[in-house]
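Reproduced below: data.txt, with compact mmCIF, C-alpha atoms.
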```
# COMPACT_ATOMS: atom_id res chain seq x y z
CA MET T 21 -17.97 -4.44 15.20
CA THR T 22 -17.71 -7.62 13.13
CA THR T 23 -17.43 -8.41 9.44
CA ASP T 24 -17.51 -12.06 8.45
CA THR T 25 -17.78 -14.03 5.23
CA GLY T 26 -19.88 -17.13 5.82
CA GLY T 27 -18.33 -17.83 9.20
CA VAL T 28 -15.38 -19.53 7.50
CA TYR T 29 -12.72 -17.78 9.56
CA VAL T 30 -14.46 -17.58 12.94
CA ARG T 31 -13.09 -19.72 15.74
CA PRO T 32 -16.13 -20.45 17.94
CA GLY T 33 -15.77 -19.10 21.43
CA VAL T 34 -12.46 -17.34 20.73
CA SER T 35 -12.45 -13.60 21.42
CA PRO T 36 -10.27 -11.11 19.51
CA ALA T 37 -8.09 -10.79 22.63
CA GLN T 38 -7.55 -14.55 22.67
CA GLU T 39 -6.81 -14.43 18.94
CA PHE T 40 -4.02 -11.95 19.61
CA ASP T 41 -2.61 -14.01 22.48
CA ASP T 42 -2.63 -17.19 20.38
CA LEU T 43 -0.89 -15.49 17.48
CA ARG T 44 1.60 -13.77 19.75
CA ASN T 45 2.42 -17.09 21.46
CA GLY T 46 2.73 -18.82 18.10
CA PHE T 47 5.16 -16.20 16.86
CA GLY T 48 7.16 -16.41 20.11
CA ALA T 49 7.47 -20.17 19.79
CA ALA T 50 8.58 -19.92 16.16
CA TRP T 51 11.12 -17.19 16.97
CA ALA T 52 12.60 -19.17 19.86
CA SER T 53 12.80 -22.52 18.07
CA HIS T 54 14.05 -21.43 14.62
CA PRO T 55 17.02 -19.09 15.08
CA ASP T 56 18.26 -19.77 11.56
CA GLY T 57 14.95 -18.57 10.13
CA ARG T 58 14.84 -15.25 12.01
CA ARG T 59 14.90 -12.05 9.98
CA GLU T 60 14.68 -8.56 11.53
CA ARG T 61 14.56 -5.36 9.50
CA TRP T 62 13.54 -1.74 10.09
CA PHE T 63 11.63 0.51 7.70
CA THR T 64 10.28 4.06 7.60
CA PHE T 65 6.51 4.27 7.17
CA ALA T 66 5.12 7.83 7.02
CA ASP T 67 8.32 9.19 8.63
CA ARG T 68 7.99 6.75 11.55
CA PRO T 69 10.26 3.80 12.42
CA VAL T 70 8.69 0.35 12.01
CA ARG T 71 10.29 -2.92 13.11
CA PHE T 72 9.59 -6.21 11.33
CA ARG T 73 10.51 -9.58 12.78
CA ILE T 74 9.77 -12.58 10.56
CA VAL T 75 10.44 -16.28 11.03
CA GLY T 76 10.91 -17.94 7.66
CA SER T 77 13.47 -16.87 5.08
CA GLY T 78 11.10 -17.24 2.11
CA LEU T 79 8.35 -15.27 3.80
CA ALA T 80 10.79 -12.54 4.81
CA GLU T 81 12.06 -12.20 1.26
CA ASP T 82 8.51 -11.90 -0.08
CA VAL T 83 7.39 -9.32 2.48
CA PHE T 84 10.51 -7.16 2.60
CA ARG T 85 10.73 -6.84 -1.18
CA ALA T 86 7.58 -4.68 -1.36
CA PHE T 87 9.01 -2.23 1.21
CA SER T 88 12.69 -2.34 0.23
CA HIS T 89 12.83 1.35 -0.77
CA LEU T 90 11.77 2.28 2.78
CA GLU T 91 14.44 0.31 4.63
CA ARG T 92 16.41 2.12 7.31
CA ALA T 93 18.94 1.42 10.07
CA PRO T 94 17.54 0.22 13.41
CA ALA T 95 16.07 3.12 15.35
CA ASP T 96 17.23 4.21 18.79
CA GLU T 97 13.65 5.17 19.63
CA GLU T 98 10.67 2.94 20.30
CA PRO T 99 9.13 1.72 17.02
CA ALA T 100 5.85 3.31 15.96
CA LEU T 101 4.74 -0.18 14.90
CA THR T 102 6.05 -3.64 15.69
CA ILE T 103 5.22 -6.47 13.29
CA GLY T 104 5.87 -10.15 13.97
CA LEU T 105 5.05 -12.83 11.37
CA TRP T 106 5.88 -16.49 10.97
CA ASP T 107 5.42 -19.11 8.25
CA GLU T 108 3.92 -22.43 9.31
CA GLY T 109 5.14 -24.02 6.09
CA GLU T 110 8.76 -23.28 6.99
CA THR T 111 8.58 -23.76 10.76
CA GLY T 112 5.96 -26.51 11.13
CA LEU T 113 4.30 -24.45 13.88
CA GLY T 114 0.66 -23.41 13.67
CA VAL T 115 -2.21 -22.33 15.89
CA ASP T 116 -4.93 -24.69 17.13
CA GLY T 117 -8.09 -24.07 15.17
CA VAL T 118 -6.45 -21.90 12.51
CA MET T 119 -6.38 -23.61 9.12
CA PRO T 120 -5.66 -22.37 5.60
CA HIS T 121 -8.57 -22.05 3.20
CA ASP T 122 -8.06 -24.12 0.04
CA ASP T 123 -9.78 -21.58 -2.19
CA LEU T 124 -7.36 -18.67 -2.63
CA ASN T 125 -10.13 -16.72 -4.33
CA ALA T 126 -12.20 -16.75 -1.14
CA GLN T 127 -12.91 -13.38 0.44
CA GLY T 128 -11.27 -12.49 3.72
CA ALA T 129 -12.95 -11.36 6.92
CA SER T 130 -12.22 -8.95 9.75
CA PHE T 131 -13.64 -8.70 13.25
CA ALA T 132 -12.82 -6.49 16.20
CA SER T 133 -13.14 -6.16 19.94
CA ASP T 134 -16.17 -4.23 21.22
CA ASP T 135 -14.11 -1.07 21.67
CA GLY T 136 -12.48 -1.45 18.24
CA THR T 137 -8.93 -1.37 19.60
CA LEU T 138 -8.08 -4.94 18.61
CA VAL T 139 -8.68 -6.00 15.00
CA VAL T 140 -8.34 -9.51 13.58
CA THR T 141 -7.96 -9.92 9.82
CA ALA T 142 -8.24 -13.37 8.25
CA ARG T 143 -7.59 -14.43 4.66
CA PRO T 144 -7.23 -17.86 3.01
CA GLN T 145 -3.51 -18.17 3.87
CA THR T 146 -3.00 -15.57 6.61
CA ARG T 147 -4.37 -14.41 9.95
CA THR T 148 -3.28 -11.29 11.84
CA ALA T 149 -4.26 -9.51 15.04
CA TYR T 150 -3.48 -5.85 15.64
CA ARG T 151 -3.54 -4.00 18.96
CA ARG T 152 -4.02 -0.41 17.84
CA VAL T 153 -3.11 1.36 21.10
CA GLU T 154 0.03 -0.71 21.66
CA ARG T 155 0.88 -0.57 17.92
CA ASP T 156 1.59 -4.29 17.92
CA LEU T 157 0.73 -6.50 14.94
CA CYS T 158 1.36 -10.23 14.82
CA GLY T 159 0.36 -12.81 12.29
CA TRP T 160 0.44 -16.35 10.93
CA VAL T 161 1.07 -17.37 7.32
CA ALA T 162 0.17 -20.89 6.26
CA ASP T 163 2.69 -21.11 3.40
CA HIS T 164 4.38 -18.13 1.76
CA ARG T 165 4.45 -20.01 -1.55
CA ARG T 166 0.65 -19.78 -1.73
CA LEU T 167 0.32 -16.05 -1.12
CA THR T 168 -1.69 -14.29 -3.80
CA GLN T 169 -0.18 -11.86 -6.25
CA TYR T 170 -1.89 -8.99 -4.42
CA GLU T 171 -0.45 -10.11 -1.06
CA LEU T 172 3.04 -10.21 -2.59
CA GLY T 173 2.66 -6.73 -4.06
CA ARG T 174 0.91 -5.12 -1.08
CA PRO T 175 1.61 -7.13 2.08
CA LEU T 176 -0.60 -6.38 5.11
CA HIS T 177 -2.53 -3.84 3.06
CA SER T 178 -5.66 -3.40 5.20
CA GLU T 179 -3.71 -3.63 8.46
CA LEU T 180 -1.34 -0.88 7.35
CA MET T 181 -4.23 1.27 6.12
CA LEU T 182 -5.58 1.18 9.66
CA TRP T 183 -2.20 1.98 11.19
CA HIS T 184 -1.83 4.98 8.86
CA LYS T 185 -5.32 6.18 9.74
CA ASP T 186 -4.47 6.03 13.45
CA ARG T 187 -1.44 8.23 12.72
CA ASP T 188 -3.73 10.72 10.90
CA VAL T 189 -2.19 9.80 7.55
CA GLN T 190 -5.02 9.47 5.04
CA ALA T 191 -4.96 6.76 2.38
CA VAL T 192 -5.72 8.07 -1.09
CA HIS T 193 -5.97 6.14 -4.34
CA ALA T 194 -3.37 8.09 -6.29
CA GLY T 195 0.09 8.19 -7.80
CA LEU T 196 2.96 10.45 -6.80
CA VAL T 197 6.22 11.52 -8.46
CA ALA T 198 8.62 14.33 -7.59
CA ARG T 199 11.78 16.24 -8.34
CA ASN T 200 14.01 17.42 -5.50
CA GLY T 201 11.28 16.51 -3.02
CA ASP T 202 8.54 18.55 -4.72
CA GLY T 203 5.72 16.30 -5.92
CA ILE T 204 2.71 16.05 -8.20
CA LEU T 205 -0.16 13.82 -7.07
CA PHE T 206 -2.08 11.90 -9.76
CA GLY T 207 -5.72 11.20 -8.94
CA GLY T 208 -8.37 9.15 -10.65
CA PRO T 209 -10.09 5.77 -10.80
CA GLY T 210 -8.50 2.62 -12.17
CA GLY T 211 -7.73 2.90 -15.85
CA SER T 212 -7.50 6.69 -15.85
CA GLY T 213 -3.77 6.77 -16.57
CA LYS T 214 -2.15 7.11 -13.13
CA SER T 215 0.22 4.21 -13.74
CA THR T 216 1.10 5.36 -17.25
CA THR T 217 1.91 8.83 -15.97
CA ALA T 218 3.91 7.71 -12.92
CA LEU T 219 5.91 5.02 -14.74
CA THR T 220 6.69 7.29 -17.68
CA CYS T 221 7.96 9.92 -15.25
CA LEU T 222 10.04 7.32 -13.39
CA ARG T 223 11.71 6.32 -16.64
CA ALA T 224 12.40 10.00 -17.35
CA GLY T 225 14.29 10.47 -14.08
CA PHE T 226 11.60 11.62 -11.66
CA GLU T 227 11.48 10.35 -8.09
CA TYR T 228 8.73 7.71 -7.87
CA MET T 229 6.62 7.07 -4.77
CA ALA T 230 3.45 5.36 -5.96
CA ASP T 231 0.98 4.76 -8.76
CA ASP T 232 -1.85 3.37 -6.65
CA TYR T 233 -1.64 4.22 -2.92
CA VAL T 234 -0.32 7.38 -1.24
CA GLY T 235 -0.39 8.34 2.43
CA LEU T 236 -1.52 11.98 2.68
CA GLU T 237 -0.42 13.95 5.76
CA LEU T 238 -0.95 17.55 6.80
CA ALA T 239 2.41 19.04 7.84
CA GLU T 240 2.91 21.58 10.62
CA ASP T 241 3.36 24.42 8.12
CA GLY T 242 -0.05 23.75 6.54
CA ALA T 243 1.32 22.06 3.41
CA TYR T 244 0.79 18.38 2.59
CA ASP T 245 3.27 15.54 2.37
CA GLY T 246 2.71 12.39 0.35
CA HIS T 247 4.20 9.15 1.70
CA SER T 248 5.13 6.04 -0.23
CA LEU T 249 4.46 2.54 1.06
CA PHE T 250 4.62 -0.20 -1.59
CA CYS T 251 7.10 -0.21 -4.48
CA SER T 252 4.82 -2.41 -6.59
CA THR T 253 2.69 -1.80 -9.64
CA HIS T 254 0.00 -4.02 -11.20
CA LEU T 255 -0.34 -3.71 -14.97
CA GLU T 256 -2.77 -5.17 -17.48
CA PRO T 257 -1.08 -7.11 -20.33
CA ASP T 258 -1.54 -4.43 -23.01
CA HIS T 259 -0.44 -1.76 -20.54
CA LEU T 260 2.68 -3.71 -19.66
CA GLN T 261 3.73 -3.81 -23.31
CA ARG T 262 3.99 -0.01 -23.28
CA PHE T 263 6.93 -0.39 -20.90
CA PRO T 264 9.28 -2.97 -22.44
CA TYR T 265 11.87 -2.43 -19.72
CA LEU T 266 9.38 -3.80 -17.16
CA VAL T 267 8.47 -6.98 -19.06
CA PRO T 268 11.43 -9.11 -17.80
CA HIS T 269 10.44 -8.27 -14.21
CA ALA T 270 6.71 -8.97 -14.51
CA VAL T 271 5.15 -11.68 -12.31
CA PRO T 272 1.96 -13.07 -13.89
CA GLY T 273 -1.07 -13.88 -11.77
CA ARG T 274 -2.02 -17.45 -10.89
CA LEU T 275 -5.67 -16.97 -10.00
CA PRO T 276 -8.61 -16.14 -12.29
CA ARG T 277 -9.02 -12.70 -10.68
CA GLU T 278 -5.31 -11.90 -11.06
CA ASP T 279 -5.59 -10.55 -14.59
CA LYS T 280 -2.67 -8.15 -14.19
CA SER T 281 1.08 -8.62 -13.91
CA LEU T 282 2.92 -7.59 -10.76
CA VAL T 283 6.16 -5.64 -11.05
CA LEU T 284 8.23 -4.81 -7.98
CA LEU T 285 10.04 -1.66 -9.02
CA SER T 286 12.84 -2.18 -6.52
CA ASN T 287 14.00 -4.88 -8.97
CA VAL T 288 14.00 -2.43 -11.89
CA LEU T 289 15.05 1.11 -10.93
CA PRO T 290 15.73 1.10 -7.18
CA GLU T 291 17.62 4.39 -7.39
CA GLY T 292 14.47 6.09 -8.70
CA LEU T 293 12.29 5.24 -5.70
CA SER T 294 11.69 7.71 -2.88
CA ARG T 295 9.86 7.85 0.46
CA LYS T 296 8.18 11.24 0.62
CA ALA T 297 7.44 14.42 -1.29
CA ARG T 298 5.84 17.79 -0.57
CA ILE T 299 2.73 17.89 -2.78
CA ARG T 300 2.68 21.04 -4.94
CA ALA T 301 -0.21 20.29 -7.31
CA VAL T 302 -2.73 17.61 -8.29
CA ALA T 303 -3.01 16.32 -11.86
CA LEU T 304 -6.00 14.28 -12.99
CA PRO T 305 -4.93 12.04 -15.86
CA ARG T 306 -7.43 11.00 -18.48
CA VAL T 307 -7.02 9.50 -21.93
CA VAL T 308 -8.24 11.71 -24.79
CA ASP T 309 -8.17 11.51 -28.57
CA ALA T 310 -5.24 13.83 -29.14
CA ASP T 311 -1.63 13.61 -30.22
CA ARG T 312 0.13 15.49 -27.43
CA PRO T 313 -0.57 15.62 -23.69
CA ARG T 314 -1.74 18.94 -22.32
CA LEU T 315 -2.69 20.57 -19.03
CA ARG T 316 -5.75 22.63 -18.24
CA PRO T 317 -7.21 23.84 -14.92
CA ALA T 318 -9.62 21.59 -13.01
CA SER T 319 -12.05 22.67 -10.32
CA THR T 320 -11.95 21.42 -6.75
CA ILE T 321 -15.20 19.53 -7.23
CA GLU T 322 -13.86 17.85 -10.38
CA ALA T 323 -10.79 16.75 -8.47
CA LEU T 324 -12.89 15.52 -5.55
CA LEU T 325 -15.10 13.46 -7.85
CA ARG T 326 -12.00 11.82 -9.35
CA LEU T 327 -10.21 11.14 -6.08
CA ALA T 328 -12.86 10.47 -3.45
CA PRO T 329 -14.81 7.37 -4.63
CA SER T 330 -11.87 5.01 -5.06
CA SER T 331 -9.96 6.52 -2.12
CA LEU T 332 -12.79 6.00 0.36
CA ILE T 333 -12.89 2.30 -0.53
CA LEU T 334 -9.43 2.03 1.07
CA LEU T 335 -10.74 3.07 4.49
CA PRO T 336 -10.67 0.36 7.17
CA TYR T 337 -14.13 1.14 8.58
CA ALA T 338 -17.21 2.48 6.83
CA GLY T 339 -17.96 4.79 9.76
CA THR T 340 -15.01 7.03 8.86
CA PHE T 341 -16.26 8.00 5.38
CA ALA T 342 -17.64 11.43 6.33
CA THR T 343 -14.51 12.52 8.22
CA GLU T 344 -12.11 11.37 5.54
CA PHE T 345 -14.22 12.92 2.76
CA GLU T 346 -14.04 16.25 4.54
CA LYS T 347 -10.25 15.97 4.94
CA LEU T 348 -9.88 15.23 1.25
CA SER T 349 -12.04 18.24 0.40
CA VAL T 350 -9.89 20.54 2.54
CA PHE T 351 -6.72 19.21 0.89
CA LEU T 352 -8.03 19.79 -2.64
CA GLU T 353 -9.25 23.30 -1.79
CA SER T 354 -5.73 24.21 -0.69
CA ILE T 355 -3.78 23.06 -3.74
CA PRO T 356 -3.77 23.75 -7.52
CA THR T 357 -5.60 21.09 -9.54
CA TYR T 358 -5.33 20.31 -13.25
CA TRP T 359 -6.59 17.93 -15.88
CA LEU T 360 -3.75 16.04 -17.54
CA GLU T 361 -5.03 14.99 -20.95
CA LEU T 362 -2.67 12.23 -21.99
CA GLY T 363 -3.07 11.86 -25.74
CA ARG T 364 -0.88 9.47 -27.74
CA GLU T 365 2.62 10.87 -27.23
CA MET T 366 3.51 9.31 -23.87
CA GLU T 367 7.11 10.53 -24.07
CA GLU T 368 5.90 14.11 -23.57
CA ILE T 369 4.09 13.39 -20.29
CA PRO T 370 7.18 14.12 -18.13
CA GLU T 371 7.50 17.51 -19.86
CA ARG T 372 4.00 18.50 -18.73
CA ILE T 373 4.74 17.34 -15.18
CA ALA T 374 7.96 19.33 -15.18
CA GLU T 375 5.96 22.39 -16.25
CA LEU T 376 3.65 21.94 -13.27
CA LEU T 377 6.58 21.78 -10.89
CA GLU T 378 8.10 24.91 -12.39
CA ARG T 379 4.82 26.75 -11.77
CA HIS T 380 4.23 25.62 -8.21
CA ALA T 381 7.40 24.25 -6.56
```

Please rewrite the model in this file as structure tokens.
Amino acid sequence: MTTDTGGVYVRPGVSPAQEFDDLRNGFGAAWASHPDGRRERWFTFADRPVRFRIVGSGLAEDVFRAFSHLERAPADEEPALTIGLWDEGETGLGVDGVMPHDDLNAQGASFASDDGTLVVTARPQTRTAYRRVERDLCGWVADHRRLTQYELGRPLHSELMLWHKDRDVQAVHAGLVARNGDGILFGGPGGSGKSTTALTCLRAGFEYMADDYVGLELAEDGAYDGHSLFCSTHLEPDHLQRFPYLVPHAVPGRLPREDKSLVLLSNVLPEGLSRKARIRAVALPRVVDADRPRLRPASTIEALLRLAPSSLILLPYAGTFATEFEKLSVFLESIPTYWLELGREMEEIPERIAELLERHA
């Protein structure tokens, strides 16, 4: 199974297994020769311990910032995922035949072993290899100072989507806020109001998990948990102005396609961020010509049509569409769903969300 963009990232004659070995050896050399640049931290992804080891202080700062709300003490148990990264710009160590692409707008590529258990992902400034069975991910970064805005806000996005899928945690394009661990999931395409709703609730004292990506997991008791991953939000300029408290923390894009500003919420309201919530209801935000926000029931099919298209785009492999669509259908059939008509009075949005929690928590 191979996906390639113009052959730019392919190393002729190098198999995915050799890619992994080369990257693993490169990381090992960087770790051994740059003790002052070593950074090791542990995080909780989908209730599982994950160990990061990074060589390069600047790279470590960039990567860890997006996951800072998930940091934990080192685990006594074996990590569910081990990640090793190094920065050639800081260490001077690279991999033969692996070069950065000058055009940061260039598309990336992924290619896998014949059995699909080893996946290589290449982008203009990064290259990773992931052994799915061993849960071992290693990667090279050409220069952390040239990472795109998206890579800073959502590091290792596609790699982590695959890891979540292998843990039976489904990626959905949604927001999630909660009170006392009981959450409301916000579904809809870009521009529907997920970010407005989630950020307004955060400011009002709700626990915030996401406004763009949520890991959805079926619990043993038949209910569903929503897991946070990134503490970042990307806002269009006019949208950003609705939240003056975020403006000082906004990082503008540098590339033509980066038309939004990045805000890492760990820099703004770290005490408001949370890891997980039990999902009690789904709200489907949409902007309407009205003064006050209101709730009204939505059907399962309406919710599915709002959630499924953009969520399925997140899937690592096209061959999983049917299975994941069915899982999403089962989830929505099991939980109350509502339209959240936003109107003009944003300050009243948290009141409507609180009403939902009172009904269903």

Item to complete: Using all atoms listed in the file, find the one residue out of T:Lys280, T:Arg151, T:Arg174, T:His193 that sits nearest to Lys214 of chain T.
Response: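 Once distances to Lys214 of chain T are computed over all atoms listed in the file, the minimum belongs to T:His193.
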
Worksheet item: Leaving out segment 303-307 of chain T and any residue of its chain fewer than 5 positions from it, which residues lie within 8 Å of it when counting all atoms listed in the file, given as JSON, numbers by chain?
Response: {"T": [204, 205, 206, 207, 208, 212, 213, 214, 217, 323, 326, 357, 358, 359, 360, 361, 362, 363]}

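Each of T:Leu172, T:Ala50, T:Ala218, T:Ala318 was checked against Ser252 of chain T using all atoms listed in the file; the smallest atom-to-atom distance is that of T:Leu172.
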
Discussion item. Counting only C-alpha atoms, I want the residues whose atoms come within 7 Å of (1.6, 10.8, -20.0) in the file frame, returned as a PyMOL selection string.
Written reply: chain T and resi 216-217+220+313+362+366-370

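One distance worth recording is that between atom CA of Glu278 of chain T and atom CA of Val189 of chain T, which is 28.8 Å.
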
List every protein, DNA or RNA residue that has an atom no more than 7 Å from (15.4, -0.1, 5.7) in the file's coordinate frame, counting all atoms listed in the file, and report them as a PDB file with C-alpha atoms, keeping the file's coordinate frame.
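Ended up saving to part.pdb:
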```pdb
ATOM      1  CA  ARG T  61      14.560  -5.360   9.500  1.00  0.00           C
ATOM      2  CA  TRP T  62      13.540  -1.740  10.090  1.00  0.00           C
ATOM      3  CA  PHE T  63      11.630   0.510   7.700  1.00  0.00           C
ATOM      4  CA  THR T  64      10.280   4.060   7.600  1.00  0.00           C
ATOM      5  CA  SER T  88      12.690  -2.340   0.230  1.00  0.00           C
ATOM      6  CA  LEU T  90      11.770   2.280   2.780  1.00  0.00           C
ATOM      7  CA  GLU T  91      14.440   0.310   4.630  1.00  0.00           C
ATOM      8  CA  ARG T  92      16.410   2.120   7.310  1.00  0.00           C
ATOM      9  CA  ALA T  93      18.940   1.420  10.070  1.00  0.00           C
TER      10      ALA T  93
END
```

Item to complete: Find the residue from T:Leu157, T:Val192, T:Leu176, T:Ala198 that sits nearest to Lys347 of chain T; use only C-alpha atoms when measuring.
Response: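 Once distances to Lys347 of chain T are computed over only C-alpha atoms, the minimum belongs to T:Val192.
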
Discussion item. Counting all atoms listed in the file, which residue out of T:Arg262, T:Arg152, T:Arg85, T:Arg277 sits closest to Asp186 of chain T?
Written reply: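 Residue with the minimum atom-to-atom distance to Asp186 of chain T: T:Arg152.
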
Worksheet entry | Shell around Gly246 of chain T at 8 Å using all atoms listed in the file, local window under 6 positions removed, as a PyMOL selection string | chain T and resi 196+203+234-237+296-299

Worksheet item: Rounded to one decimal in Å, what is the spacing between atom CA of Val139 of chain T and atom CA of Ala37 of chain T?
Response: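 Interatomic distance here is 9.0 Å.
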
Worksheet item: Near Gln261 of chain T, counting all atoms listed in the file, which residues have an atom at most 12 Å away, once you skip same-chain residues fewer than 6 positions from it, shown as a PyMOL selection string?
Response: chain T and resi 216+255+267-268+270+280-281

Using C-alpha atoms, can you write the selected residues to a file as an mmCIF file, in the frame of the given file?
```cif
data_model
loop_
_atom_site.group_PDB
_atom_site.id
_atom_site.type_symbol
_atom_site.label_atom_id
_atom_site.label_comp_id
_atom_site.auth_asym_id
_atom_site.auth_seq_id
_atom_site.Cartn_x
_atom_site.Cartn_y
_atom_site.Cartn_z
ATOM 1 C CA THR T 216 1.100 5.360 -17.250
ATOM 2 C CA LEU T 255 -0.340 -3.710 -14.970
ATOM 3 C CA VAL T 267 8.470 -6.980 -19.060
ATOM 4 C CA PRO T 268 11.430 -9.110 -17.800
ATOM 5 C CA ALA T 270 6.710 -8.970 -14.510
ATOM 6 C CA LYS T 280 -2.670 -8.150 -14.190
ATOM 7 C CA SER T 281 1.080 -8.620 -13.910
#
```

Worksheet item: What is the atom CA of Tyr170 of chain T to atom CA of Thr146 of chain T distance in Å?
Response: 12.9 Å

Worksheet item: Which residue out of T:Arg58, T:His254, T:Arg300, T:Arg314 has the minimum interatomic distance to Leu352 of chain T when all atoms listed in the file are used?
Response: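 When distances to Leu352 of chain T are compared using all atoms listed in the file, the smallest one comes from T:Arg300.
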
Worksheet item: Arg31 of chain T: which residues within 9 Å, counting all atoms listed in the file, same-chain residues fewer than 5 positions away excluded, as a ChimeraX atom specification?
Response: /T:39,117-118
